[in-house]
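coords.tsv, holding TSV, C-alpha atoms and all ligand atoms:
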chain	number	residue	atom	x	y	z
X	1	MET	CA	15.07	-1.46	45.64
X	2	GLU	CA	11.43	-2.44	45.33
X	3	LYS	CA	10.20	-4.17	42.24
X	4	ILE	CA	6.65	-4.32	41.05
X	5	SER	CA	5.75	-6.10	37.88
X	6	ILE	CA	2.78	-5.09	35.82
X	7	LYS	CA	1.39	-7.94	33.81
X	8	PHE	CA	0.13	-6.77	30.51
X	9	ARG	CA	-0.44	-9.38	27.90
X	10	ARG	CA	-2.70	-8.03	25.27
X	11	THR	CA	-4.70	-10.43	23.20
X	12	GLU	CA	-7.18	-8.59	21.09
X	13	ASP	CA	-9.05	-9.50	17.99
X	14	ARG	CA	-8.50	-6.90	15.34
X	15	SER	CA	-10.02	-8.89	12.48
X	16	TYR	CA	-11.94	-6.93	9.91
X	17	GLU	CA	-13.75	-7.31	6.62
X	18	ILE	CA	-13.01	-5.83	3.23
X	19	LEU	CA	-16.14	-5.28	1.16
X	20	ILE	CA	-15.72	-4.84	-2.60
X	21	GLY	CA	-18.48	-3.88	-5.01
X	22	ASN	CA	-19.80	-1.51	-7.62
X	23	GLY	CA	-21.62	1.49	-6.12
X	24	ILE	CA	-21.28	0.44	-2.47
X	25	LEU	CA	-20.40	3.90	-1.11
X	26	LYS	CA	-24.07	4.48	-0.42
X	27	ASN	CA	-24.28	1.42	1.87
X	28	ILE	CA	-21.73	2.82	4.31
X	29	PRO	CA	-23.88	5.12	6.49
X	30	LEU	CA	-26.57	2.51	7.12
X	31	ASP	CA	-23.96	-0.15	7.95
X	32	LEU	CA	-22.29	2.18	10.42
X	33	LYS	CA	-25.61	3.09	11.95
X	34	GLU	CA	-26.52	-0.55	12.36
X	35	ALA	CA	-23.15	-1.46	13.88
X	36	ASN	CA	-23.39	1.62	16.08
X	37	ILE	CA	-19.67	2.13	16.16
X	38	ALA	CA	-19.64	5.84	16.96
X	39	TYR	CA	-21.71	8.86	17.85
X	40	THR	CA	-19.88	11.37	15.63
X	41	TYR	CA	-18.06	10.83	12.33
X	42	ALA	CA	-15.31	12.77	10.58
X	43	ILE	CA	-14.99	12.05	6.89
X	44	ILE	CA	-11.36	12.89	6.22
X	45	THR	CA	-10.40	13.36	2.59
X	46	ASP	CA	-8.24	15.46	0.26
X	47	SER	CA	-9.33	18.48	-1.78
X	48	ARG	CA	-9.86	16.54	-5.02
X	49	VAL	CA	-11.74	13.61	-3.55
X	50	ALA	CA	-13.83	15.99	-1.43
X	51	SER	CA	-15.46	17.46	-4.53
X	52	LEU	CA	-15.63	14.13	-6.40
X	53	TYR	CA	-17.15	12.01	-3.62
X	54	GLY	CA	-16.77	13.65	-0.19
X	55	LYS	CA	-19.57	16.19	-0.37
X	56	GLU	CA	-22.00	13.58	-1.64
X	57	MET	CA	-20.93	11.17	1.09
X	58	LEU	CA	-21.46	13.86	3.74
X	59	LYS	CA	-25.02	14.37	2.45
X	60	GLU	CA	-25.74	10.65	2.63
X	61	PHE	CA	-24.37	10.43	6.18
X	62	LEU	CA	-26.44	13.41	7.31
X	63	ASN	CA	-29.55	12.05	5.57
X	64	SER	CA	-29.09	8.81	7.48
X	65	GLY	CA	-29.15	10.79	10.72
X	66	LEU	CA	-25.44	10.41	11.52
X	67	LYS	CA	-23.71	13.41	13.11
X	68	THR	CA	-20.92	13.93	10.59
X	69	TYR	CA	-18.28	16.50	9.58
X	70	LEU	CA	-16.26	16.67	6.37
X	71	ILE	CA	-12.61	17.59	6.90
X	72	SER	CA	-10.36	18.01	3.88
X	73	PHE	CA	-6.74	18.96	3.26
X	74	PRO	CA	-4.96	19.93	0.02
X	75	GLU	CA	-4.26	16.87	-2.14
X	76	GLY	CA	-0.71	15.58	-2.69
X	77	GLU	CA	2.01	13.56	-1.01
X	78	GLU	CA	3.67	16.79	0.23
X	79	ASN	CA	0.75	17.25	2.61
X	80	LYS	CA	1.09	13.82	4.22
X	81	ASN	CA	2.95	15.33	7.15
X	82	ARG	CA	2.73	16.14	10.85
X	83	GLU	CA	1.47	19.68	10.19
X	84	THR	CA	-1.57	18.40	8.31
X	85	LYS	CA	-2.15	15.79	11.01
X	86	ALA	CA	-2.11	18.50	13.70
X	87	LYS	CA	-4.50	20.70	11.71
X	88	ILE	CA	-6.99	17.87	11.30
X	89	GLU	CA	-6.72	17.00	14.99
X	90	ASP	CA	-7.28	20.63	16.00
X	91	GLU	CA	-10.31	20.81	13.78
X	92	MET	CA	-11.72	17.64	15.34
X	93	LEU	CA	-10.98	18.95	18.82
X	94	SER	CA	-12.64	22.28	18.08
X	95	LEU	CA	-15.68	20.34	16.88
X	96	LYS	CA	-15.65	18.66	20.30
X	97	MET	CA	-15.29	15.22	18.81
X	98	ALA	CA	-14.73	12.82	21.69
X	99	ARG	CA	-13.79	9.18	22.20
X	100	ASP	CA	-17.12	8.08	20.81
X	101	SER	CA	-16.11	9.35	17.36
X	102	ALA	CA	-14.88	7.53	14.30
X	103	ILE	CA	-13.01	8.49	11.17
X	104	VAL	CA	-13.88	7.65	7.59
X	105	ALA	CA	-10.72	7.83	5.46
X	106	LEU	CA	-12.03	8.60	1.96
X	107	GLY	CA	-9.35	8.79	-0.74
X	108	GLY	CA	-6.06	7.41	-1.97
X	109	GLY	CA	-3.11	6.16	0.04
X	110	VAL	CA	-2.20	9.64	1.24
X	111	VAL	CA	-5.59	10.06	2.91
X	112	GLY	CA	-5.60	6.48	4.23
X	113	ASP	CA	-2.14	6.72	5.80
X	114	LEU	CA	-2.77	10.15	7.32
X	115	ALA	CA	-6.36	9.68	8.50
X	116	GLY	CA	-5.48	6.22	9.84
X	117	PHE	CA	-2.65	7.74	11.86
X	118	VAL	CA	-4.95	10.47	13.19
X	119	ALA	CA	-7.35	7.69	14.27
X	120	ALA	CA	-4.51	5.79	15.95
X	121	THR	CA	-3.63	8.65	18.29
X	122	TYR	CA	-6.81	10.76	18.59
X	123	ASN	CA	-8.01	10.30	22.16
X	124	ARG	CA	-5.50	7.41	22.27
X	125	GLY	CA	-7.26	5.67	19.42
X	126	ILE	CA	-10.69	5.78	17.80
X	127	PRO	CA	-12.09	3.44	15.11
X	128	TYR	CA	-11.61	4.24	11.45
X	129	ILE	CA	-13.06	3.02	8.21
X	130	GLN	CA	-10.97	2.86	5.04
X	131	VAL	CA	-12.69	3.89	1.84
X	132	PRO	CA	-9.96	3.72	-0.81
X	133	THR	CA	-10.63	5.54	-4.08
X	134	THR	CA	-7.41	4.75	-6.00
X	135	LEU	CA	-6.18	1.39	-7.26
X	136	VAL	CA	-3.02	1.74	-5.12
X	137	ALA	CA	-5.10	2.30	-2.01
X	138	SER	CA	-7.52	-0.51	-2.93
X	139	VAL	CA	-4.85	-3.15	-3.46
X	140	ASP	CA	-2.12	-1.98	-1.14
X	141	SER	CA	-2.28	0.84	1.39
X	142	SER	CA	-5.72	0.10	2.84
X	143	ILE	CA	-4.64	-3.40	3.90
X	144	GLY	CA	-2.09	-4.22	6.56
X	145	GLY	CA	-2.62	-1.45	9.09
X	146	LYS	CA	0.49	0.62	8.37
X	147	THR	CA	-0.43	4.26	8.96
X	148	GLY	CA	1.83	7.28	9.10
X	149	VAL	CA	3.26	10.50	7.73
X	150	ASP	CA	6.38	11.71	5.93
X	151	THR	CA	9.11	13.92	7.42
X	152	VAL	CA	11.93	15.91	5.85
X	153	TYR	CA	14.19	13.00	6.91
X	154	GLY	CA	12.26	10.47	4.86
X	155	LYS	CA	8.88	9.01	4.01
X	156	ASN	CA	6.59	7.15	6.42
X	157	LEU	CA	9.02	7.53	9.33
X	158	ILE	CA	6.43	8.46	11.93
X	159	GLY	CA	3.41	6.23	12.25
X	160	ALA	CA	1.66	3.32	13.86
X	161	PHE	CA	0.30	-0.10	13.10
X	162	TYR	CA	-3.42	0.47	13.40
X	163	GLN	CA	-6.06	-1.73	11.81
X	164	PRO	CA	-9.30	-0.29	10.42
X	165	TRP	CA	-12.75	-1.33	11.58
X	166	ARG	CA	-13.69	-2.17	8.00
X	167	VAL	CA	-12.65	-1.42	4.40
X	168	TYR	CA	-15.15	-0.49	1.67
X	169	ILE	CA	-13.86	-0.61	-1.90
X	170	ASP	CA	-16.31	0.92	-4.36
X	171	VAL	CA	-14.84	0.08	-7.77
X	172	SER	CA	-17.03	2.71	-9.45
X	173	THR	CA	-14.83	5.44	-7.91
X	174	LEU	CA	-11.93	4.30	-10.11
X	175	LYS	CA	-13.76	5.68	-13.17
X	176	THR	CA	-12.53	9.20	-12.42
X	177	LEU	CA	-8.94	8.08	-11.86
X	178	PRO	CA	-6.39	9.06	-14.56
X	179	LYS	CA	-4.89	6.13	-16.53
X	180	ASN	CA	-1.43	6.61	-15.02
X	181	HIS	CA	-2.90	6.00	-11.59
X	182	ILE	CA	-4.36	2.71	-12.78
X	183	GLN	CA	-0.82	1.79	-13.88
X	184	GLU	CA	0.48	2.74	-10.43
X	185	GLY	CA	-1.81	0.16	-8.83
X	186	LEU	CA	-1.21	-2.41	-11.54
X	187	SER	CA	2.47	-2.47	-10.78
X	188	GLU	CA	1.63	-3.77	-7.28
X	189	VAL	CA	-1.01	-6.17	-8.62
X	190	ILE	CA	1.54	-7.71	-11.01
X	191	LYS	CA	3.87	-8.03	-8.02
X	192	TYR	CA	1.19	-10.01	-6.12
X	193	GLY	CA	0.93	-12.39	-9.07
X	194	VAL	CA	4.68	-13.00	-9.08
X	195	ILE	CA	5.04	-13.44	-5.33
X	196	ARG	CA	2.01	-15.58	-4.58
X	197	ASP	CA	-0.52	-16.22	-7.31
X	198	GLU	CA	0.23	-17.73	-10.69
X	199	GLU	CA	-3.46	-17.62	-11.63
X	200	LEU	CA	-3.65	-13.89	-11.04
X	201	PHE	CA	-0.53	-13.45	-13.16
X	202	GLU	CA	-2.06	-15.46	-16.01
X	203	PHE	CA	-5.33	-13.57	-15.65
X	204	LEU	CA	-3.46	-10.28	-16.07
X	205	GLU	CA	-1.63	-11.60	-19.12
X	206	LYS	CA	-5.01	-12.37	-20.66
X	207	TYR	CA	-7.13	-9.41	-19.59
X	208	ILE	CA	-4.77	-6.45	-19.19
X	209	ASN	CA	-6.81	-4.39	-21.68
X	210	LYS	CA	-9.98	-4.96	-19.72
X	211	VAL	CA	-8.24	-3.58	-16.65
X	212	PHE	CA	-7.72	-0.31	-18.50
X	213	SER	CA	-11.30	-0.24	-19.76
X	214	LEU	CA	-12.29	-0.73	-16.09
X	215	ASP	CA	-14.40	-3.79	-16.80
X	216	THR	CA	-16.21	-4.20	-13.48
X	217	GLU	CA	-15.73	-7.96	-13.24
X	218	VAL	CA	-12.05	-7.85	-14.15
X	219	ILE	CA	-11.29	-4.94	-11.79
X	220	THR	CA	-13.24	-6.56	-8.96
X	221	TYR	CA	-11.35	-9.84	-9.44
X	222	ILE	CA	-7.88	-8.30	-9.39
X	223	ILE	CA	-8.71	-6.16	-6.34
X	224	LYS	CA	-10.19	-9.15	-4.53
X	225	ARG	CA	-7.18	-11.36	-5.22
X	226	SER	CA	-4.74	-8.60	-4.28
X	227	CYS	CA	-6.53	-7.96	-0.97
X	228	GLN	CA	-6.58	-11.69	-0.24
X	229	ILE	CA	-2.87	-12.03	-0.94
X	230	LYS	CA	-1.75	-8.98	1.02
X	231	GLY	CA	-4.23	-9.87	3.78
X	232	GLU	CA	-2.92	-13.43	4.04
X	233	VAL	CA	0.71	-12.32	4.13
X	234	VAL	CA	0.22	-9.63	6.79
X	235	GLU	CA	-1.98	-11.96	8.83
X	236	LEU	CA	0.83	-14.49	8.99
X	237	ASP	CA	3.55	-11.92	9.66
X	238	GLU	CA	2.23	-8.51	10.70
X	239	LYS	CA	5.56	-7.09	11.86
X	240	GLU	CA	7.63	-8.24	8.87
X	241	SER	CA	9.90	-10.80	10.49
X	242	ASN	CA	10.02	-13.10	7.45
X	243	LEU	CA	7.11	-13.81	5.08
X	244	ARG	CA	5.92	-10.18	4.85
X	245	LYS	CA	9.25	-9.38	3.22
X	246	ILE	CA	7.97	-10.96	-0.01
X	247	LEU	CA	5.81	-7.85	-0.45
X	248	ASN	CA	9.07	-5.99	-1.01
X	249	PHE	CA	9.78	-7.69	-4.33
X	250	GLY	CA	11.05	-4.94	-6.65
X	251	HIS	CA	11.15	-2.46	-3.79
X	252	THR	CA	14.81	-2.67	-2.69
X	253	VAL	CA	15.96	-1.51	-6.11
X	254	GLY	CA	12.75	0.49	-6.64
X	255	HIS	CA	13.22	2.62	-3.51
X	256	ALA	CA	16.81	3.40	-4.49
X	257	ILE	CA	15.60	4.49	-7.94
X	258	GLU	CA	12.96	6.75	-6.37
X	259	LYS	CA	15.63	8.37	-4.19
X	260	LEU	CA	18.14	8.87	-7.01
X	261	TYR	CA	15.38	10.41	-9.12
X	262	ASN	CA	14.58	12.72	-6.17
X	263	PHE	CA	11.10	11.21	-6.21
X	264	LYS	CA	10.48	12.65	-9.70
X	265	ILE	CA	9.53	9.11	-10.76
X	266	SER	CA	6.34	7.50	-9.51
X	267	HIS	CA	6.50	4.59	-7.06
X	268	GLY	CA	4.75	2.21	-9.48
X	269	LYS	CA	7.23	2.93	-12.28
X	270	ALA	CA	10.20	2.64	-9.94
X	271	ILE	CA	9.13	-0.76	-8.66
X	272	SER	CA	8.37	-1.93	-12.18
X	273	ILE	CA	12.02	-1.25	-13.03
X	274	GLY	CA	12.95	-2.70	-9.63
X	275	MET	CA	11.12	-5.97	-10.28
X	276	THR	CA	12.87	-6.31	-13.63
X	277	ILE	CA	16.33	-5.74	-12.13
X	278	GLU	CA	15.70	-7.95	-9.09
X	279	GLY	CA	14.26	-10.57	-11.45
X	280	LYS	CA	17.49	-10.49	-13.46
X	281	ILE	CA	19.50	-10.97	-10.26
X	282	ALA	CA	17.26	-13.96	-9.38
X	283	VAL	CA	18.00	-15.52	-12.77
X	284	GLU	CA	21.71	-14.82	-12.35
X	285	LEU	CA	21.64	-16.49	-8.91
X	286	GLY	CA	20.11	-19.58	-10.52
X	287	LEU	CA	16.93	-19.17	-8.49
X	288	TRP	CA	14.58	-18.24	-11.31
X	289	ASP	CA	13.95	-19.25	-14.88
X	290	LYS	CA	14.77	-16.75	-17.62
X	291	ASN	CA	11.56	-17.48	-19.58
X	292	GLU	CA	9.48	-16.52	-16.57
X	293	LEU	CA	11.44	-13.29	-16.19
X	294	ASN	CA	10.64	-12.55	-19.83
X	295	ARG	CA	6.95	-13.14	-19.13
X	296	LEU	CA	7.15	-10.60	-16.31
X	297	ILE	CA	8.88	-8.08	-18.56
X	298	SER	CA	6.23	-8.56	-21.28
X	299	LEU	CA	3.40	-8.09	-18.79
X	300	LEU	CA	4.93	-4.92	-17.34
X	301	LYS	CA	5.32	-3.57	-20.87
X	302	ALA	CA	1.74	-4.49	-21.74
X	303	ALA	CA	0.68	-2.48	-18.69
X	304	GLY	CA	2.64	0.47	-20.08
X	305	LEU	CA	5.18	0.31	-17.27
X	306	PRO	CA	8.93	0.89	-17.73
X	307	THR	CA	11.42	-1.96	-17.33
X	308	LYS	CA	14.61	0.12	-17.36
X	309	PRO	CA	15.50	3.57	-16.06
X	310	THR	CA	15.00	6.44	-18.50
X	311	LYS	CA	18.22	8.07	-17.35
X	312	THR	CA	21.57	6.55	-16.46
X	313	LEU	CA	21.86	5.80	-12.78
X	314	ASP	CA	25.29	5.35	-11.29
X	315	ALA	CA	25.58	1.74	-10.11
X	316	ASN	CA	27.72	2.73	-7.10
X	317	ASP	CA	25.20	5.36	-6.03
X	318	MET	CA	22.46	2.78	-6.35
X	319	ILE	CA	24.33	0.33	-4.12
X	320	LYS	CA	25.13	3.04	-1.56
X	321	THR	CA	21.49	4.10	-1.47
X	322	MET	CA	20.30	0.51	-1.06
X	323	LYS	CA	22.66	0.07	1.89
X	324	LEU	CA	21.10	3.05	3.65
X	325	ASP	CA	17.70	1.43	3.30
X	326	LYS	CA	16.30	-0.08	6.46
X	327	LYS	CA	16.15	-3.43	4.69
X	328	ALA	CA	19.95	-3.78	4.46
X	329	ARG	CA	21.30	-6.23	7.05
X	330	GLU	CA	24.88	-6.25	8.40
X	331	GLY	CA	26.10	-4.14	5.52
X	332	LYS	CA	24.76	-6.57	2.93
X	333	ILE	CA	21.87	-5.77	0.67
X	334	GLU	CA	18.91	-8.06	1.18
X	335	MET	CA	16.27	-8.81	-1.45
X	336	VAL	CA	13.49	-11.30	-2.09
X	337	PHE	CA	13.43	-13.38	-5.27
X	338	PRO	CA	10.91	-15.49	-7.17
X	339	GLU	CA	11.66	-19.16	-7.73
X	340	ARG	CA	8.68	-19.42	-10.06
X	341	ILE	CA	5.72	-17.20	-10.85
X	342	GLY	CA	3.52	-17.48	-7.76
X	343	GLN	CA	6.23	-18.60	-5.35
X	344	MET	CA	9.15	-16.82	-3.72
X	345	ALA	CA	12.46	-18.49	-2.93
X	346	THR	CA	13.77	-19.18	0.58
X	347	ILE	CA	17.29	-19.97	1.74
X	348	ASN	CA	17.41	-21.75	5.13
X	349	GLY	CA	13.78	-20.83	5.60
X	350	SER	CA	14.38	-17.14	5.13
X	351	TYR	CA	12.80	-15.11	2.32
X	352	GLY	CA	15.25	-12.25	2.74
X	353	ILE	CA	18.35	-13.22	0.74
X	354	LYS	CA	21.64	-11.34	1.02
X	355	VAL	CA	23.27	-10.43	-2.26
X	356	GLU	CA	26.91	-9.61	-3.01
X	357	ASP	CA	27.52	-6.02	-4.14
X	358	ASP	CA	29.49	-7.26	-7.19
X	359	LEU	CA	26.53	-9.10	-8.63
X	360	ILE	CA	24.18	-6.15	-8.14
X	361	TYR	CA	26.80	-3.89	-9.68
X	362	ARG	CA	27.13	-6.10	-12.74
X	363	ILE	CA	23.39	-6.36	-13.37
X	364	LEU	CA	22.91	-2.61	-12.88
X	365	LYS	CA	25.69	-1.94	-15.37
X	366	GLU	CA	23.99	-4.21	-17.92
X	367	THR	CA	20.55	-2.62	-17.46
X	401	LIG	N1	0.13	2.00	4.29
X	401	LIG	C1	0.63	1.24	3.35
X	401	LIG	O1	0.82	0.04	3.54
X	401	LIG	C2	0.93	1.85	2.01
X	401	LIG	C3	1.15	1.03	0.91
X	401	LIG	C4	1.35	1.64	-0.33
X	401	LIG	C5	1.34	3.01	-0.45
X	401	LIG	N2	1.13	3.78	0.65
X	401	LIG	C6	1.08	5.25	0.55
X	401	LIG	O2	0.04	5.60	-0.34
X	401	LIG	C7	0.36	6.85	-0.95
X	401	LIG	C8	0.08	6.75	-2.43
X	401	LIG	O3	-1.28	6.46	-2.63
X	401	LIG	P1	-2.07	6.92	-3.93
X	401	LIG	O4	-1.30	6.50	-5.11
X	401	LIG	O5	-3.46	6.48	-3.77
X	401	LIG	O6	-1.90	8.51	-3.89
X	401	LIG	P2	-2.87	9.71	-3.48
X	401	LIG	O7	-3.64	9.42	-2.28
X	401	LIG	O8	-2.02	10.93	-3.47
X	401	LIG	O9	-3.86	9.81	-4.72
X	401	LIG	C9	-3.36	10.18	-5.98
X	401	LIG	C10	-4.16	11.35	-6.56
X	401	LIG	O10	-5.42	10.88	-7.02
X	401	LIG	C11	-6.47	11.68	-6.51
X	401	LIG	N3	-7.63	10.78	-6.40
X	401	LIG	C12	-7.89	9.89	-5.42
X	401	LIG	N4	-8.98	9.16	-5.74
X	401	LIG	C13	-9.40	9.60	-6.94
X	401	LIG	C14	-10.47	9.24	-7.80
X	401	LIG	N5	-11.30	8.22	-7.51
X	401	LIG	N6	-10.63	9.90	-8.97
X	401	LIG	C15	-9.75	10.90	-9.31
X	401	LIG	N7	-8.72	11.28	-8.55
X	401	LIG	C16	-8.55	10.63	-7.37
X	401	LIG	C17	-5.95	12.25	-5.23
X	401	LIG	O11	-6.60	13.45	-4.91
X	401	LIG	C18	-4.47	12.47	-5.58
X	401	LIG	O12	-4.32	13.70	-6.27
X	401	LIG	C19	1.80	7.16	-0.59
X	401	LIG	O13	1.82	8.15	0.40
X	401	LIG	C20	2.33	5.85	-0.04
X	401	LIG	O14	3.33	6.03	0.92
X	401	LIG	C21	0.93	3.23	1.86
X	402	ZN	ZN	4.93	-0.50	-3.30

As structure tokens, what does this structure read like?
Amino acid sequence: MEKISIKFRRTEDRSYEILIGNGILKNIPLDLKEANIAYTYAIITDSRVASLYGKEMLKEFLNSGLKTYLISFPEGEENKNRETKAKIEDEMLSLKMARDSAIVALGGGVVGDLAGFVAATYNRGIPYIQVPTTLVASVDSSIGGKTGVDTVYGKNLIGAFYQPWRVYIDVSTLKTLPKNHIQEGLSEVIKYGVIRDEELFEFLEKYINKVFSLDTEVITYIIKRSCQIKGEVVELDEKESNLRKILNFGHTVGHAIEKLYNFKISHGKAISIGMTIEGKIAVELGLWDKNELNRLISLLKAAGLPTKPTKTLDANDMIKTMKLDKKAREGKIEMVFPERIGQMATINGSYGIKVEDDLIYRILKET
């Protein structure tokens, strides 16, 4: 037998910048032109964002002399799938877009995940620019490089880690977002405060009303801090071997709630309930102080988010569902817990902490 080894150690710099500002959409074409990152651009967006911002963006790109196409798909999570990905790819291929093309992902998390995944595999990878237009996308999905689509077997099961060339967050686009979508993003922002930033948490306690009135300074601050926190965490642990797990606070229980509600509850609401229940377990384990848990519950309520399920969920079903989750290890459910607001607990250096079924069962019964 002959043996040939191929040495392939990849060290590449995939650093990128996140730019946040009021009315910065119009800067994008000139920046791209100056950086000369591609010859042809596809602005990929959904049907709603296309009419709100996409058509205008296309005009600006064309006026700046950039060869650009606008490609849109029907809005909604149900379209974040392989069929939509294939349609977009076919459209790009029929437009003869080649390796010297780039994608602008304009929209919420659905657009970002899907368009980012198209970019990851189109011609084996072309650059893409994230332009989030929801609070969820601004503080969560546009950072960290997770791209992908849903399947009938589950959400986000097919995808790639693929970092954008740059992220532009124009806070003025949030003005057209319904209030419940602001709450969706806030749920994650509150999470960032608990897991890594006491100051952000206190800021939210003070200025929650100004978040809802979309005060530019307040919104810019919470987006900036959230991006810094998520950015820092994924920088230190891109593939989720330890630290990145802290981003899952509220999500072990939250995901199970989403499943048992057949996804008829929003993600933000589910993780709000999840953070409350996981917080109670942390207190019960002696890791966290009850007064701090109460501060979290008050803040979630002030944000108009639920802290308990609106219908009775069977505790055994919840535990079963959590065990099916990819985060369960050796049959035990693993969670992350705060030790104080702004700091997560570790046991033997590990953020993921295994919890006995009995304890989870008891807390779920009490909730
Ligand atoms: N990649 C990641 O790390 C990551 C993290 C969190 C969430 N996600 C994914 O993100 C998705 C959820 O993102 P989302 O909440 O932004 O949903 P979304 O993209 O479906 O947007 C929600 C709705 O708001 C509309 N919309 C978008 N911008 C608007 C604006 N400025 N004004 C008015 N309407 C607007 C959209 O058309 C859509 O109908 C999920 O698919 C989730 O899996 C990914
Ligand atoms: Zn989440």

> Got a sec: who's within 8 Å of X:Leu204, counting only C-alpha atoms, leaving out chain neighbours fewer than 4 positions off, as JSON, numbers by chain?
Replying inline: {"X": [190, 200, 208, 299]}

For the selection you just gave me, I'd like the residues written to a file as a short mmCIF file (atom, residue, chain, number, x, y, z; two decimals), keeping the file's coordinate frame, keeping C-alpha atoms.
data_model
loop_
_atom_site.label_atom_id
_atom_site.label_comp_id
_atom_site.auth_asym_id
_atom_site.auth_seq_id
_atom_site.Cartn_x
_atom_site.Cartn_y
_atom_site.Cartn_z
CA ILE X 190 1.54 -7.71 -11.01
CA LEU X 200 -3.65 -13.89 -11.04
CA ILE X 208 -4.77 -6.45 -19.19
CA LEU X 299 3.40 -8.09 -18.79
#

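One finds atom CA of X:Gly254 at 17.9 Å from atom CA of X:Val283.
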
> Can you tell me, as a ChimeraX atom specification, which residues sit within 10 Å of (-13.7, 3.8, -11.7) in the file's frame, using all atoms listed in the file?
Replying inline: /X:22-23,133-135,170-178,182,212-216,219

>> Please identify all protein, DNA and RNA residues within 9 Å of ligand LIG 401 (chain X), counting all atoms listed in the file, and report them as a PyMOL selection string.
In response: chain X and resi 45-50+52-53+74-78+80+106-114+116+132-150+155-156+171-178+181+184-185+188+266-268

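Picture a line from atom CA of X:Lys280 to atom CA of X:Phe263; it runs 23.8 Å.
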
>> Distance cut-off 8 Å, centre (-9.4, -10.4, -16.9) in file coordinates, counting all atoms listed in the file: which residues qualify? Return them as an NGL selection string.
In response: :X and (203-204 or 206-208 or 210-211 or 217-219 or 221-222)

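Proximity of X:Ile319, X:Ile271, X:Leu62, X:Ile37 to ligand ZN 402 (chain X), computed with all atoms listed in the file, is greatest for X:Ile271.
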
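If you look at atom CA of X:Leu243 and atom CA of X:Tyr351, they are 6.5 Å away from each other.
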
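Take the candidates X:Thr310, X:Asp358, X:Ile44, X:Glu56 and check each one against X:Ile71 using all atoms listed in the file; the shortest distance goes to X:Ile44.
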
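Remark: for X:Ala315, the closest of the candidate residues X:Ile103, X:Asn209, X:Leu247, X:Asp357 is X:Asp357 (distances computed over all atoms listed in the file).
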
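Between X:Glu198 and the candidates X:Lys311, X:Lys59, X:Lys3, X:Arg340, the tightest atom-to-atom separation, counting only C-alpha atoms, involves X:Arg340.
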